[in-house]
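Note: the block below is input_28.cif and it holds mmCIF, C-alpha atoms and all ligand atoms.
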```
data_entry
#
loop_
_atom_site.label_atom_id
_atom_site.label_comp_id
_atom_site.auth_asym_id
_atom_site.auth_seq_id
_atom_site.Cartn_x
_atom_site.Cartn_y
_atom_site.Cartn_z
CA MET U 1 16.04 19.55 -24.55
CA GLU U 2 12.65 19.32 -22.91
CA LYS U 3 11.18 15.81 -23.00
CA ASN U 4 7.82 15.25 -24.68
CA PRO U 5 5.40 14.42 -21.79
CA GLN U 6 4.02 11.61 -23.94
CA ASN U 7 7.38 9.86 -23.58
CA SER U 8 7.58 10.39 -19.83
CA ILE U 9 8.78 7.44 -17.79
CA ILE U 10 6.60 6.62 -14.81
CA LEU U 11 7.34 4.17 -12.02
CA ALA U 12 4.09 2.90 -10.47
CA ILE U 13 3.54 1.19 -7.12
CA GLU U 14 0.51 -0.82 -6.00
CA SER U 15 0.22 -2.23 -2.46
CA SER U 16 -3.45 -1.85 -1.50
CA CYS U 17 -4.21 -5.46 -0.61
CA ASP U 18 -2.13 -8.64 -0.81
CA ASP U 19 -0.14 -8.13 -4.01
CA THR U 20 3.04 -6.05 -4.08
CA SER U 21 3.45 -4.70 -7.60
CA ALA U 22 5.67 -2.24 -9.47
CA ALA U 23 5.51 -1.25 -13.13
CA VAL U 24 7.32 1.07 -15.51
CA LEU U 25 5.55 2.84 -18.38
CA ARG U 26 6.90 5.06 -21.15
CA GLY U 27 3.91 7.23 -21.97
CA ASP U 28 0.97 4.84 -22.29
CA ARG U 29 3.26 1.90 -23.19
CA ILE U 30 4.04 -0.73 -20.63
CA LEU U 31 7.74 -1.55 -20.20
CA SER U 32 7.46 -3.84 -17.18
CA ASN U 33 4.90 -5.06 -14.64
CA VAL U 34 6.14 -7.16 -11.71
CA ILE U 35 3.71 -8.71 -9.20
CA ALA U 36 4.64 -10.56 -6.00
CA SER U 37 1.55 -12.38 -4.72
CA GLN U 38 1.51 -13.16 -1.02
CA LYS U 39 0.99 -16.85 -0.34
CA VAL U 40 0.96 -16.44 3.45
CA HIS U 41 -2.81 -15.72 3.55
CA GLU U 42 -3.93 -19.00 1.95
CA GLN U 43 -3.76 -20.96 5.21
CA TYR U 44 -6.06 -18.40 6.89
CA GLY U 45 -8.75 -18.41 4.18
CA GLY U 46 -8.51 -14.63 3.67
CA VAL U 47 -6.12 -11.69 3.80
CA VAL U 48 -4.63 -11.05 7.26
CA PRO U 49 -3.87 -7.29 7.23
CA GLU U 50 -0.90 -7.40 9.60
CA LEU U 51 0.78 -10.19 7.62
CA ALA U 52 0.06 -8.34 4.38
CA SER U 53 1.87 -5.17 5.44
CA ARG U 54 4.86 -7.19 6.65
CA ALA U 55 5.06 -9.04 3.36
CA HIS U 56 4.83 -5.74 1.44
CA GLN U 57 7.80 -4.46 3.44
CA GLN U 58 9.81 -7.50 2.43
CA ASN U 59 8.74 -7.39 -1.21
CA ILE U 60 8.73 -3.73 -2.14
CA VAL U 61 12.46 -3.16 -2.79
CA PRO U 62 13.08 -6.33 -4.85
CA VAL U 63 9.83 -5.83 -6.79
CA VAL U 64 10.71 -2.23 -7.72
CA ASP U 65 14.27 -3.27 -8.61
CA ALA U 66 12.93 -6.00 -10.88
CA ALA U 67 10.48 -3.60 -12.57
CA ILE U 68 13.27 -1.13 -13.33
CA LYS U 69 15.58 -3.90 -14.55
CA ASN U 70 12.92 -5.52 -16.76
CA ALA U 71 12.07 -2.12 -18.26
CA GLU U 72 15.76 -1.74 -19.24
CA ILE U 73 15.95 1.79 -17.87
CA GLU U 74 18.07 3.53 -15.23
CA LYS U 75 16.56 4.96 -12.03
CA THR U 76 17.57 8.43 -13.24
CA ASP U 77 15.38 8.02 -16.37
CA ILE U 78 12.22 8.05 -14.23
CA ASP U 79 10.17 11.26 -14.49
CA ALA U 80 7.52 10.64 -11.83
CA VAL U 81 6.32 8.09 -9.27
CA ALA U 82 2.65 7.06 -9.22
CA PHE U 83 1.25 5.19 -6.23
CA THR U 84 -2.07 3.77 -5.04
CA ARG U 85 -3.31 6.08 -2.30
CA GLY U 86 -6.48 4.07 -1.59
CA PRO U 87 -8.88 2.49 -1.01
CA GLY U 88 -7.32 -0.58 0.56
CA LEU U 89 -5.82 -1.90 3.77
CA LEU U 90 -4.19 0.96 5.66
CA GLY U 91 -1.04 -0.89 6.71
CA SER U 92 -0.52 -2.25 3.19
CA LEU U 93 -1.06 1.15 1.57
CA MET U 94 1.39 2.74 4.02
CA VAL U 95 4.23 0.63 2.67
CA GLY U 96 3.69 1.65 -0.97
CA VAL U 97 2.92 5.27 -0.14
CA SER U 98 6.03 5.70 2.05
CA PHE U 99 8.19 4.00 -0.54
CA ALA U 100 6.87 6.21 -3.35
CA LYS U 101 7.42 9.35 -1.28
CA SER U 102 11.02 8.47 -0.38
CA PHE U 103 11.76 7.52 -3.98
CA SER U 104 10.40 10.81 -5.31
CA GLN U 105 12.38 12.78 -2.71
CA ALA U 106 15.61 10.93 -3.44
CA LEU U 107 15.31 11.54 -7.20
CA ASN U 108 13.63 14.95 -6.85
CA ILE U 109 10.75 13.96 -9.15
CA PRO U 110 6.99 14.53 -8.77
CA LEU U 111 4.55 12.20 -7.03
CA ILE U 112 1.18 11.18 -8.46
CA GLU U 113 -1.61 9.71 -6.31
CA VAL U 114 -3.92 7.17 -7.91
CA ASN U 115 -7.30 5.83 -6.80
CA HIS U 116 -7.17 2.03 -7.01
CA LEU U 117 -10.60 1.73 -8.67
CA GLN U 118 -9.76 4.36 -11.25
CA GLY U 119 -6.65 2.31 -11.97
CA HIS U 120 -8.74 -0.83 -12.63
CA VAL U 121 -10.97 1.05 -15.08
CA LEU U 122 -8.12 2.85 -16.85
CA SER U 123 -6.22 -0.43 -17.32
CA HIS U 124 -8.02 -0.54 -20.70
CA PHE U 125 -5.74 2.26 -21.92
CA ILE U 126 -2.45 0.41 -21.33
CA LYS U 127 -0.79 -0.10 -24.71
CA GLU U 128 1.49 -3.01 -25.43
CA ASN U 129 2.03 -2.25 -29.11
CA ASP U 130 0.68 -0.20 -32.02
CA GLU U 131 -2.22 -2.60 -32.52
CA SER U 132 -3.51 -2.13 -28.95
CA GLN U 133 -7.19 -1.10 -29.14
CA VAL U 134 -8.52 1.25 -26.47
CA PRO U 135 -12.13 2.28 -25.77
CA GLN U 136 -13.48 5.64 -26.98
CA PHE U 137 -15.47 7.89 -24.64
CA PRO U 138 -18.18 7.51 -23.57
CA PHE U 139 -18.07 3.85 -22.59
CA ILE U 140 -19.54 1.76 -19.79
CA CYS U 141 -17.35 -0.30 -17.50
CA LEU U 142 -18.51 -3.00 -15.12
CA LEU U 143 -15.99 -2.83 -12.29
CA VAL U 144 -16.00 -6.11 -10.37
CA SER U 145 -13.39 -6.71 -7.70
CA GLY U 146 -13.09 -8.21 -4.25
CA GLY U 147 -14.37 -5.01 -2.66
CA HIS U 148 -16.45 -3.25 -5.35
CA THR U 149 -19.19 -3.87 -7.88
CA GLN U 150 -20.16 -0.84 -9.93
CA ILE U 151 -21.52 -0.02 -13.37
CA LEU U 152 -19.67 3.13 -14.42
CA LEU U 153 -20.22 5.51 -17.29
CA LEU U 154 -16.84 6.90 -18.35
CA LYS U 155 -17.08 10.36 -19.91
CA SER U 156 -13.34 11.03 -19.87
CA HIS U 157 -10.37 9.47 -18.11
CA PHE U 158 -11.29 11.00 -14.77
CA GLU U 159 -14.99 11.75 -15.17
CA MET U 160 -17.21 8.85 -14.27
CA GLU U 161 -20.82 8.48 -13.26
CA VAL U 162 -22.06 5.54 -11.17
CA LEU U 163 -25.07 4.02 -12.98
CA GLY U 164 -25.49 1.14 -10.55
CA GLU U 165 -23.70 -0.58 -7.69
CA THR U 166 -24.06 -3.24 -5.04
CA ILE U 167 -26.01 -2.34 -1.94
CA ASP U 168 -24.15 -4.94 0.17
CA ASP U 169 -21.42 -7.48 -0.75
CA ALA U 170 -19.21 -7.15 -3.83
CA ALA U 171 -19.41 -9.85 -6.53
CA GLY U 172 -15.86 -11.05 -5.74
CA GLU U 173 -16.70 -11.19 -2.06
CA ALA U 174 -19.78 -13.34 -2.80
CA ILE U 175 -17.71 -15.74 -4.90
CA ASP U 176 -14.99 -15.90 -2.24
CA LYS U 177 -17.62 -16.57 0.46
CA ALA U 178 -19.22 -19.36 -1.60
CA ALA U 179 -15.76 -20.91 -1.95
CA LYS U 180 -15.23 -20.58 1.79
CA ILE U 181 -18.55 -22.30 2.53
CA MET U 182 -17.32 -25.21 0.39
CA ASP U 183 -13.87 -25.02 2.04
CA LEU U 184 -12.15 -24.66 -1.34
CA GLY U 185 -9.38 -22.23 -0.36
CA TYR U 186 -8.56 -18.55 -0.88
CA PRO U 187 -8.97 -16.63 -3.10
CA GLY U 188 -12.05 -18.57 -4.14
CA GLY U 189 -12.72 -16.88 -7.50
CA PRO U 190 -10.07 -18.65 -9.58
CA ILE U 191 -10.79 -22.01 -7.85
CA ILE U 192 -14.56 -21.82 -8.53
CA ASP U 193 -13.81 -20.76 -12.12
CA ARG U 194 -11.58 -23.82 -12.61
CA LEU U 195 -13.91 -26.35 -10.94
CA ALA U 196 -16.97 -24.93 -12.74
CA LYS U 197 -15.51 -26.04 -16.07
CA GLU U 198 -16.16 -29.68 -15.07
CA GLY U 199 -19.68 -29.05 -13.75
CA ASN U 200 -23.26 -28.58 -14.92
CA PRO U 201 -24.31 -24.91 -14.54
CA ASP U 202 -27.99 -25.94 -14.53
CA ALA U 203 -27.67 -28.52 -11.76
CA TYR U 204 -28.96 -26.07 -9.13
CA GLN U 205 -30.99 -22.87 -9.36
CA PHE U 206 -30.07 -20.12 -6.92
CA ALA U 207 -32.43 -17.15 -7.00
CA THR U 208 -31.14 -13.61 -7.49
CA PRO U 209 -32.81 -10.83 -5.50
CA ASN U 210 -35.27 -8.39 -7.02
CA ILE U 211 -33.36 -5.15 -6.66
CA PRO U 212 -34.78 -2.11 -8.42
CA GLY U 213 -32.87 -0.16 -11.09
CA ASN U 214 -29.29 -0.97 -12.01
CA ASN U 215 -28.20 -1.96 -8.51
CA TYR U 216 -26.94 -5.31 -7.27
CA SER U 217 -27.19 -7.25 -4.03
CA PHE U 218 -25.14 -10.37 -3.35
CA SER U 219 -25.56 -11.09 0.34
CA GLY U 220 -28.85 -13.00 -0.16
CA ILE U 221 -27.31 -15.31 -2.77
CA LYS U 222 -24.55 -16.23 -0.37
CA THR U 223 -27.06 -16.90 2.43
CA SER U 224 -29.32 -19.11 0.31
CA PHE U 225 -26.22 -21.02 -0.85
CA LEU U 226 -25.20 -21.50 2.79
CA TYR U 227 -28.67 -22.74 3.90
CA PHE U 228 -29.04 -24.98 0.88
CA LEU U 229 -25.75 -26.71 1.69
CA ARG U 230 -26.47 -26.90 5.41
CA ASP U 231 -29.63 -28.91 4.67
CA ARG U 232 -27.85 -31.21 2.19
CA LEU U 233 -24.91 -31.77 4.55
CA ALA U 234 -27.31 -32.82 7.34
CA GLU U 235 -28.37 -35.74 5.11
CA ASN U 236 -24.99 -36.47 3.57
CA PRO U 237 -21.71 -35.18 5.10
CA ASN U 238 -19.94 -35.78 1.76
CA TYR U 239 -22.45 -33.76 -0.24
CA ILE U 240 -20.06 -30.93 -1.17
CA GLU U 241 -17.24 -33.29 -2.11
CA GLU U 242 -19.59 -35.36 -4.31
CA HIS U 243 -21.18 -32.35 -6.07
CA LYS U 244 -18.35 -29.81 -6.02
CA ALA U 245 -18.12 -29.10 -9.75
CA ASP U 246 -21.91 -28.75 -10.21
CA LEU U 247 -22.13 -26.45 -7.18
CA CYS U 248 -19.32 -24.24 -8.53
CA ALA U 249 -20.78 -24.12 -12.04
CA SER U 250 -24.27 -23.28 -10.71
CA ILE U 251 -23.25 -20.55 -8.26
CA GLN U 252 -20.94 -19.04 -10.88
CA LYS U 253 -23.77 -19.02 -13.42
CA CYS U 254 -26.07 -17.34 -10.90
CA ILE U 255 -23.60 -14.55 -10.02
CA VAL U 256 -22.40 -13.94 -13.58
CA GLY U 257 -25.96 -14.02 -14.93
CA PHE U 258 -26.98 -11.35 -12.43
CA LEU U 259 -23.94 -9.20 -13.30
CA ILE U 260 -24.74 -9.38 -17.01
CA LYS U 261 -28.49 -8.79 -16.57
CA LYS U 262 -28.05 -5.45 -14.79
CA LEU U 263 -25.20 -4.42 -17.05
CA GLU U 264 -27.38 -5.03 -20.11
CA ARG U 265 -30.16 -2.97 -18.56
CA ALA U 266 -27.86 -0.04 -17.75
CA VAL U 267 -26.20 -0.04 -21.17
CA LYS U 268 -29.54 -0.15 -23.02
CA GLN U 269 -30.78 2.75 -20.92
CA SER U 270 -27.66 4.82 -21.62
CA GLY U 271 -27.54 4.34 -25.38
CA VAL U 272 -23.77 3.84 -25.17
CA LYS U 273 -22.37 1.20 -27.55
CA GLN U 274 -19.03 0.32 -25.96
CA ILE U 275 -18.72 -1.85 -22.88
CA ALA U 276 -15.81 -3.00 -20.76
CA ILE U 277 -15.15 -5.04 -17.64
CA ALA U 278 -12.38 -4.49 -15.09
CA GLY U 279 -11.22 -5.73 -11.69
CA GLY U 280 -10.31 -9.19 -10.38
CA VAL U 281 -13.63 -10.86 -11.24
CA SER U 282 -13.18 -9.80 -14.90
CA ALA U 283 -10.69 -12.70 -15.04
CA ASN U 284 -13.67 -15.05 -14.73
CA SER U 285 -14.01 -17.16 -17.86
CA LEU U 286 -17.83 -17.26 -17.84
CA LEU U 287 -18.12 -13.49 -17.34
CA ARG U 288 -15.69 -12.96 -20.24
CA SER U 289 -17.60 -15.23 -22.62
CA GLU U 290 -20.99 -13.87 -21.53
CA LEU U 291 -19.78 -10.31 -22.16
CA GLU U 292 -18.66 -11.33 -25.67
CA ARG U 293 -22.12 -12.79 -26.30
CA LEU U 294 -23.83 -9.70 -24.96
CA GLY U 295 -21.76 -7.55 -27.32
CA GLN U 296 -22.59 -9.75 -30.31
CA ARG U 297 -26.29 -9.76 -29.47
CA HIS U 298 -26.55 -5.96 -29.41
CA HIS U 299 -23.65 -5.03 -31.74
CA TRP U 300 -21.83 -3.37 -28.87
CA LYS U 301 -18.04 -3.15 -28.95
CA VAL U 302 -16.59 -5.13 -26.07
CA PHE U 303 -13.32 -4.59 -24.15
CA ILE U 304 -12.01 -7.43 -22.02
CA PRO U 305 -8.71 -6.87 -20.20
CA LYS U 306 -5.81 -9.26 -20.50
CA PHE U 307 -5.54 -11.55 -17.47
CA GLN U 308 -2.49 -9.76 -16.06
CA PHE U 309 -4.45 -6.48 -15.94
CA CYS U 310 -7.60 -7.90 -14.27
CA THR U 311 -6.35 -8.58 -10.76
CA ASP U 312 -4.32 -6.04 -8.82
CA ASN U 313 -1.24 -4.77 -10.69
CA ALA U 314 0.87 -1.63 -10.85
CA ALA U 315 0.57 -1.15 -14.63
CA MET U 316 -2.99 0.11 -14.12
CA VAL U 317 -1.68 2.57 -11.51
CA GLY U 318 0.96 3.65 -14.02
CA ILE U 319 -1.55 4.38 -16.80
CA ALA U 320 -3.77 6.39 -14.45
CA GLY U 321 -0.59 8.18 -13.30
CA TYR U 322 0.35 8.93 -16.91
CA PHE U 323 -2.94 10.71 -17.63
CA LYS U 324 -2.52 12.74 -14.44
CA TYR U 325 1.06 13.54 -15.46
CA LEU U 326 -0.24 15.00 -18.73
CA ASN U 327 -2.54 17.23 -16.63
CA ASN U 328 0.30 18.24 -14.26
CA ASP U 329 -1.84 16.76 -11.51
CA PHE U 330 0.80 16.06 -8.85
CA ALA U 331 0.46 15.05 -5.21
CA ASP U 332 1.80 16.69 -2.09
CA ILE U 333 4.44 14.78 -0.13
CA ALA U 334 2.28 15.07 3.03
CA LEU U 335 -0.69 13.21 1.49
CA PRO U 336 -1.84 10.32 3.72
CA PRO U 337 -3.25 7.01 2.33
CA TYR U 338 -6.97 6.34 2.71
CA ALA U 339 -8.34 2.99 3.87
CA ASN U 340 -11.47 1.13 2.73
O1 LIG G 401 -9.31 -6.53 -8.22
P1 LIG G 401 -8.83 -7.58 -7.29
O2 LIG G 401 -7.57 -8.30 -7.61
O3 LIG G 401 -8.65 -7.01 -5.85
C1 LIG G 401 -9.48 -6.03 -5.33
O4 LIG G 401 -9.29 -4.84 -5.65
O5 LIG G 401 -10.42 -6.45 -4.60
O6 LIG G 401 -10.05 -8.63 -7.14
C2 LIG G 401 -9.96 -9.75 -6.33
C3 LIG G 401 -11.21 -10.58 -6.50
C4 LIG G 401 -11.31 -11.75 -5.53
O7 LIG G 401 -12.61 -11.77 -4.98
C5 LIG G 401 -11.08 -12.97 -6.40
O8 LIG G 401 -11.69 -14.14 -5.96
C6 LIG G 401 -11.67 -12.50 -7.71
O9 LIG G 401 -11.25 -11.14 -7.83
N1 LIG G 401 -11.20 -13.27 -8.87
C7 LIG G 401 -12.03 -14.07 -9.61
C8 LIG G 401 -11.21 -14.69 -10.58
N2 LIG G 401 -9.92 -14.25 -10.40
C9 LIG G 401 -9.95 -13.39 -9.35
N3 LIG G 401 -13.34 -14.29 -9.52
C10 LIG G 401 -13.88 -15.15 -10.41
N4 LIG G 401 -13.17 -15.80 -11.34
C11 LIG G 401 -11.85 -15.61 -11.48
N5 LIG G 401 -11.16 -16.25 -12.43
ZN ZN G 402 -8.26 -4.29 -7.13
#
```

Would you give me this structure, written as C-alpha cells?
Ligand code: KG4
Ligand code: ZN
Amino acid sequence: MEKNPQNSIILAIESSCDDTSAAVLRGDRILSNVIASQKVHEQYGGVVPELASRAHQQNIVPVVDAAIKNAEIEKTDIDAVAFTRGPGLLGSLMVGVSFAKSFSQALNIPLIEVNHLQGHVLSHFIKENDESQVPQFPFICLLVSGGHTQILLLKSHFEMEVLGETIDDAAGEAIDKAAKIMDLGYPGGPIIDRLAKEGNPDAYQFATPNIPGNNYSFSGIKTSFLYFLRDRLAENPNYIEEHKADLCASIQKCIVGFLIKKLERAVKQSGVKQIAIAGGVSANSLLRSELERLGQRHHWKVFIPKFQFCTDNAAMVGIAGYFKYLNNDFADIALPPYAN
C-alpha cells in the first residue's frame, strides 16, 4: 500500500557550522533531534573551520545513529534524507552533504537539499503534539543568527520577501564581538544574556546608527563599545571586571532595542498581524520578552521558538525537507554544497 506522504519519515542532517545534528520527523512531527556541540572552539574564541570539519567527521555517525534510535524507527523506515546544502562553512557542509548522499544511495531513497536560513524560519512549523500552534501566512519573521539579520515576509513556506536586513555585521556577530572585547568567551550571546540578568540596562547608553528604512547596521555599535572601553581601561585596568554585568545589560539592551524598533516599523508598514523570531539570537531572553511586549502593544500574534529550535539543529532542516517532500522537490546526487 502506498504511504500517505504526510506520514513520510525524513532523516535530516545539519552540519553548516559547529554543531553536528541529526533529526527524524514523521510528517511535520518531530521524533528525535540530536545535537553534538563542538567544545573545541571555545579556547580559540571563535569557530576554527578546519577543526569544525574534523569534529563533524567524528560526530556524524554516532549522532545519526542516536537520532534513529531515539525516534524508535528502523533505517529502512526512512523515506528521504534532507540535508543543509548551505550557507555555511564549506568543509563542515561537505561532511553532512557527503553523508546524506551516501545514506540516500545505500537505501535508494530521495535526497532533499535545504537552505539553512529557510530551515531557521520554517522551524515554527515543527509540531510536537496536537496542541502545537503554527503561524498562518502571511507572517513576518525576524531572522537573527550569527551570520544573518533579516526581516522576512513569509507568503508561503518557500516564498519570502526581504523587508529589511543588515548592511554590515549580523546581530549575533555584534553580540559575539562585544563579548570578545570583554574577553567573556565564545559564543558570547548566551554569556552576555546570563550576565545581563545581574546588571542595569540603563547604566550606559550606546547609540544606534541612523539607517534609513527597515535596514540594520551593527558595526558602528561594536566600534563605539570598543572605544568606550578602551578609554575606561586606560584609567582603570579592572574596569570591565568591575562593571561586567552593567556593560552586558546595556549593550544587550542597545542591540535588542534596535532589532525591535526596525521590526516594529516593518510590521506596521506591512499591515501583517503575526510576527515570529528565528535563529540563534532568538534564544535571547530580552529579545523574547520584548517581542511579547511588542505583540501585546499592537495586538499582534507572536511566535517564539522553543530554545532547542533557536540555535542550529536538524529538526528545522527536517521540517523544511518535509514541505519539499510534499512538493516532490528532490535534489540531484551531484549537487555541491555552497559556502557563506
Ligand atoms: O543560528 P545560530 O545557532 O548559528 C548561525 O546560523 O549563525 O546562531 C548563533 C548565534 C551566535 O552569535 C550566538 O552568540 C547567538 O546566536 N546566541 C545568542 C543567544 N544564544 C545564541 N545571542 C544572544 N542571546 C542568547 N541567549
Ligand atoms: Zn543557524

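Distance-wise, CA of Arg29 in chain U and CA of Leu142 in chain U end up 23.7 Å apart.
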
Given only C-alpha atoms, how would the per-residue table for range 176-279 of chain U near range 120-124 of chain U read, listing every residue at most 8 Å away with its closest atom pair and distance in Å to one decimal, sorted by chain and number, as a Markdown table?
```
| residue | atom | partner | partner_atom | distance |
| --- | --- | --- | --- | --- |
| U:Ile277 | CA | U:Val121 | CA | 7.8 |
| U:Ala278 | CA | U:Val121 | CA | 5.7 |
| U:Gly279 | CA | U:His120 | CA | 5.6 |
```

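Remark: for ligand LIG 401 (chain G), the closest of the candidate residues U:Ala23, U:Leu335, U:Ala178, U:Val61 is U:Ala178 (distances computed over only C-alpha atoms and all ligand atoms).
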
Please give me, as a PDB file with C-alpha atoms, in the frame of the given file, the residues lying within 8 Å of ligand ZN 402 (chain G) when counting only C-alpha atoms and all ligand atoms.
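See result_6.pdb below for the written result:
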```pdb
ATOM      1  CA  SER U  16      -3.450  -1.850  -1.500  1.00  0.00           C
ATOM      2  CA  CYS U  17      -4.210  -5.460  -0.610  1.00  0.00           C
ATOM      3  CA  HIS U 116      -7.170   2.030  -7.010  1.00  0.00           C
ATOM      4  CA  LEU U 117     -10.600   1.730  -8.670  1.00  0.00           C
ATOM      5  CA  HIS U 120      -8.740  -0.830 -12.630  1.00  0.00           C
ATOM      6  CA  SER U 145     -13.390  -6.710  -7.700  1.00  0.00           C
ATOM      7  CA  GLY U 146     -13.090  -8.210  -4.250  1.00  0.00           C
ATOM      8  CA  GLY U 147     -14.370  -5.010  -2.660  1.00  0.00           C
ATOM      9  CA  GLY U 279     -11.220  -5.730 -11.690  1.00  0.00           C
ATOM     10  CA  GLY U 280     -10.310  -9.190 -10.380  1.00  0.00           C
ATOM     11  CA  THR U 311      -6.350  -8.580 -10.760  1.00  0.00           C
ATOM     12  CA  ASP U 312      -4.320  -6.040  -8.820  1.00  0.00           C
ATOM     13  CA  ASN U 313      -1.240  -4.770 -10.690  1.00  0.00           C
TER      14      ASN U 313
END
```

Which value, in Å to one decimal, gives the distance between atom O3 of ligand LIG 401 (chain G) and CA of Val24 in chain U?
20.3 Å

Exercise: residues within 9 Å of coordinate (-0.2, 0.3, 6.1), counting only C-alpha atoms, as number ranges by chain:
U: 15-16, 49-50, 52-53, 89-97, 337, 339

Just want the 12 Å neighbourhood of Ala71 in chain U, counted on only C-alpha atoms, with same-chain residues fewer than 4 positions away dropped. Output as a JSON list (two decimals) with C-alpha atoms, in the coordinates of the input.
```
[["chain", "number", "residue", "atom", "x", "y", "z"],
["U", 9, "ILE", "CA", 8.78, 7.44, -17.79],
["U", 10, "ILE", "CA", 6.60, 6.62, -14.81],
["U", 11, "LEU", "CA", 7.34, 4.17, -12.02],
["U", 22, "ALA", "CA", 5.67, -2.24, -9.47],
["U", 23, "ALA", "CA", 5.51, -1.25, -13.13],
["U", 24, "VAL", "CA", 7.32, 1.07, -15.51],
["U", 25, "LEU", "CA", 5.55, 2.84, -18.38],
["U", 26, "ARG", "CA", 6.90, 5.06, -21.15],
["U", 29, "ARG", "CA", 3.26, 1.90, -23.19],
["U", 30, "ILE", "CA", 4.04, -0.73, -20.63],
["U", 31, "LEU", "CA", 7.74, -1.55, -20.20],
["U", 32, "SER", "CA", 7.46, -3.84, -17.18],
["U", 33, "ASN", "CA", 4.90, -5.06, -14.64],
["U", 34, "VAL", "CA", 6.14, -7.16, -11.71],
["U", 64, "VAL", "CA", 10.71, -2.23, -7.72],
["U", 65, "ASP", "CA", 14.27, -3.27, -8.61],
["U", 66, "ALA", "CA", 12.93, -6.00, -10.88],
["U", 67, "ALA", "CA", 10.48, -3.60, -12.57],
["U", 75, "LYS", "CA", 16.56, 4.96, -12.03],
["U", 77, "ASP", "CA", 15.38, 8.02, -16.37],
["U", 78, "ILE", "CA", 12.22, 8.05, -14.23]]
```

At most 8 Å from (2.5, 10.1, -1.8), file frame, all atoms listed in the file: which residues, as JSON, numbers by chain?
{"U": [83, 85, 97, 98, 100, 101, 111, 112, 113, 331, 332, 333, 334, 335, 336, 337]}

Between chain U and ligand LIG 401 (chain G), at 9 Å or less, what are the per-residue closest atom pairs and their distances in Å? Count only C-alpha atoms and all ligand atoms, order by chain and rising residue number, and return it as a Markdown table.
```
| residue | atom | partner | partner_atom | distance |
| --- | --- | --- | --- | --- |
| U:Ser16 | CA | G:LIG401 | O4 | 7.8 |
| U:Cys17 | CA | G:LIG401 | O3 | 7.0 |
| U:Asp18 | CA | G:LIG401 | O3 | 8.4 |
| U:Asp19 | CA | G:LIG401 | O2 | 8.3 |
| U:Pro87 | CA | G:LIG401 | O4 | 8.7 |
| U:Gly88 | CA | G:LIG401 | O4 | 7.8 |
| U:His116 | CA | G:LIG401 | O4 | 7.3 |
| U:Leu117 | CA | G:LIG401 | O4 | 7.3 |
| U:His120 | CA | G:LIG401 | O1 | 7.2 |
| U:Leu143 | CA | G:LIG401 | O1 | 8.7 |
| U:Val144 | CA | G:LIG401 | O1 | 7.0 |
| U:Ser145 | CA | G:LIG401 | O6 | 3.9 |
| U:Gly146 | CA | G:LIG401 | O5 | 3.2 |
| U:Gly147 | CA | G:LIG401 | O5 | 4.6 |
| U:His148 | CA | G:LIG401 | O5 | 6.9 |
| U:Ala170 | CA | G:LIG401 | O7 | 8.1 |
| U:Ala171 | CA | G:LIG401 | O7 | 7.2 |
| U:Gly172 | CA | G:LIG401 | O7 | 3.4 |
| U:Glu173 | CA | G:LIG401 | O7 | 5.1 |
| U:Ala174 | CA | G:LIG401 | O7 | 7.7 |
| U:Ile175 | CA | G:LIG401 | O8 | 6.3 |
| U:Asp176 | CA | G:LIG401 | O8 | 5.3 |
| U:Lys177 | CA | G:LIG401 | O7 | 8.8 |
| U:Ala179 | CA | G:LIG401 | O8 | 8.9 |
| U:Tyr186 | CA | G:LIG401 | O8 | 7.4 |
| U:Pro187 | CA | G:LIG401 | O8 | 4.7 |
| U:Gly188 | CA | G:LIG401 | O8 | 4.8 |
| U:Gly189 | CA | G:LIG401 | O8 | 3.3 |
| U:Pro190 | CA | G:LIG401 | N5 | 3.9 |
| U:Ile191 | CA | G:LIG401 | N5 | 7.4 |
| U:Ile192 | CA | G:LIG401 | N4 | 6.8 |
| U:Asp193 | CA | G:LIG401 | N4 | 5.1 |
| U:Arg194 | CA | G:LIG401 | N5 | 7.6 |
| U:Gln252 | CA | G:LIG401 | C10 | 8.1 |
| U:Ala278 | CA | G:LIG401 | O1 | 7.8 |
| U:Gly279 | CA | G:LIG401 | O1 | 4.0 |
| U:Gly280 | CA | G:LIG401 | O6 | 3.3 |
| U:Val281 | CA | G:LIG401 | N3 | 3.8 |
| U:Ser282 | CA | G:LIG401 | C8 | 6.8 |
| U:Ala283 | CA | G:LIG401 | N5 | 4.4 |
| U:Asn284 | CA | G:LIG401 | N4 | 3.5 |
| U:Ser285 | CA | G:LIG401 | N5 | 6.2 |
| U:Leu286 | CA | G:LIG401 | N4 | 8.1 |
| U:Leu287 | CA | G:LIG401 | N4 | 8.1 |
| U:Phe307 | CA | G:LIG401 | N2 | 8.7 |
| U:Cys310 | CA | G:LIG401 | O1 | 6.4 |
| U:Thr311 | CA | G:LIG401 | O2 | 3.4 |
| U:Asp312 | CA | G:LIG401 | O2 | 4.1 |
| U:Asn313 | CA | G:LIG401 | O2 | 7.9 |
```

Mind checking which residues fall within 8 Å of range 4-6 of chain U, counting all atoms listed in the file, ignoring those fewer than 2 positions away in the same chain, and posting them as a PyMOL selection string?
chain U and resi 2+8+26-28+325-326

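Coordinates place CA of Gly321 in chain U at a distance of 28.1 Å from CA of Leu291 in chain U.
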
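If only C-alpha atoms are the atoms counted, then among U:Leu294, U:Ala315, U:Leu163, U:Ala12 the closest residue to Lys261 in chain U is U:Leu294.
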
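Non-sequential neighbours of Glu198 in chain U (distance at most 10 Å, separation of 2 or more positions within a chain, only C-alpha atoms) are U:Asp193, U:Arg194, U:Leu195, U:Ala196, U:Asn200, U:Pro201, U:Lys244, U:Ala245, U:Asp246, U:Cys248, U:Ala249.
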
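Comparing the minimum interatomic distances between His243 in chain U and each of U:Met182, U:Gly295, U:Val256, U:Asn214, counting all atoms listed in the file, we find that U:Met182 sits nearest.
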
Need the shell around range 300-303 of chain U: protein/DNA/RNA residues with any atom at most 6 Å away, counting all atoms listed in the file. Skip same-chain ones fewer than 5 positions apart. Format as a CSV table (one decimal) with C-alpha atoms, in the frame of the given file?
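Written file, result-v3.csv:
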```
chain,number,residue,atom,x,y,z
U,273,LYS,CA,-22.4,1.2,-27.6
U,274,GLN,CA,-19.0,0.3,-26.0
U,275,ILE,CA,-18.7,-1.8,-22.9
U,276,ALA,CA,-15.8,-3.0,-20.8
U,295,GLY,CA,-21.8,-7.6,-27.3
```
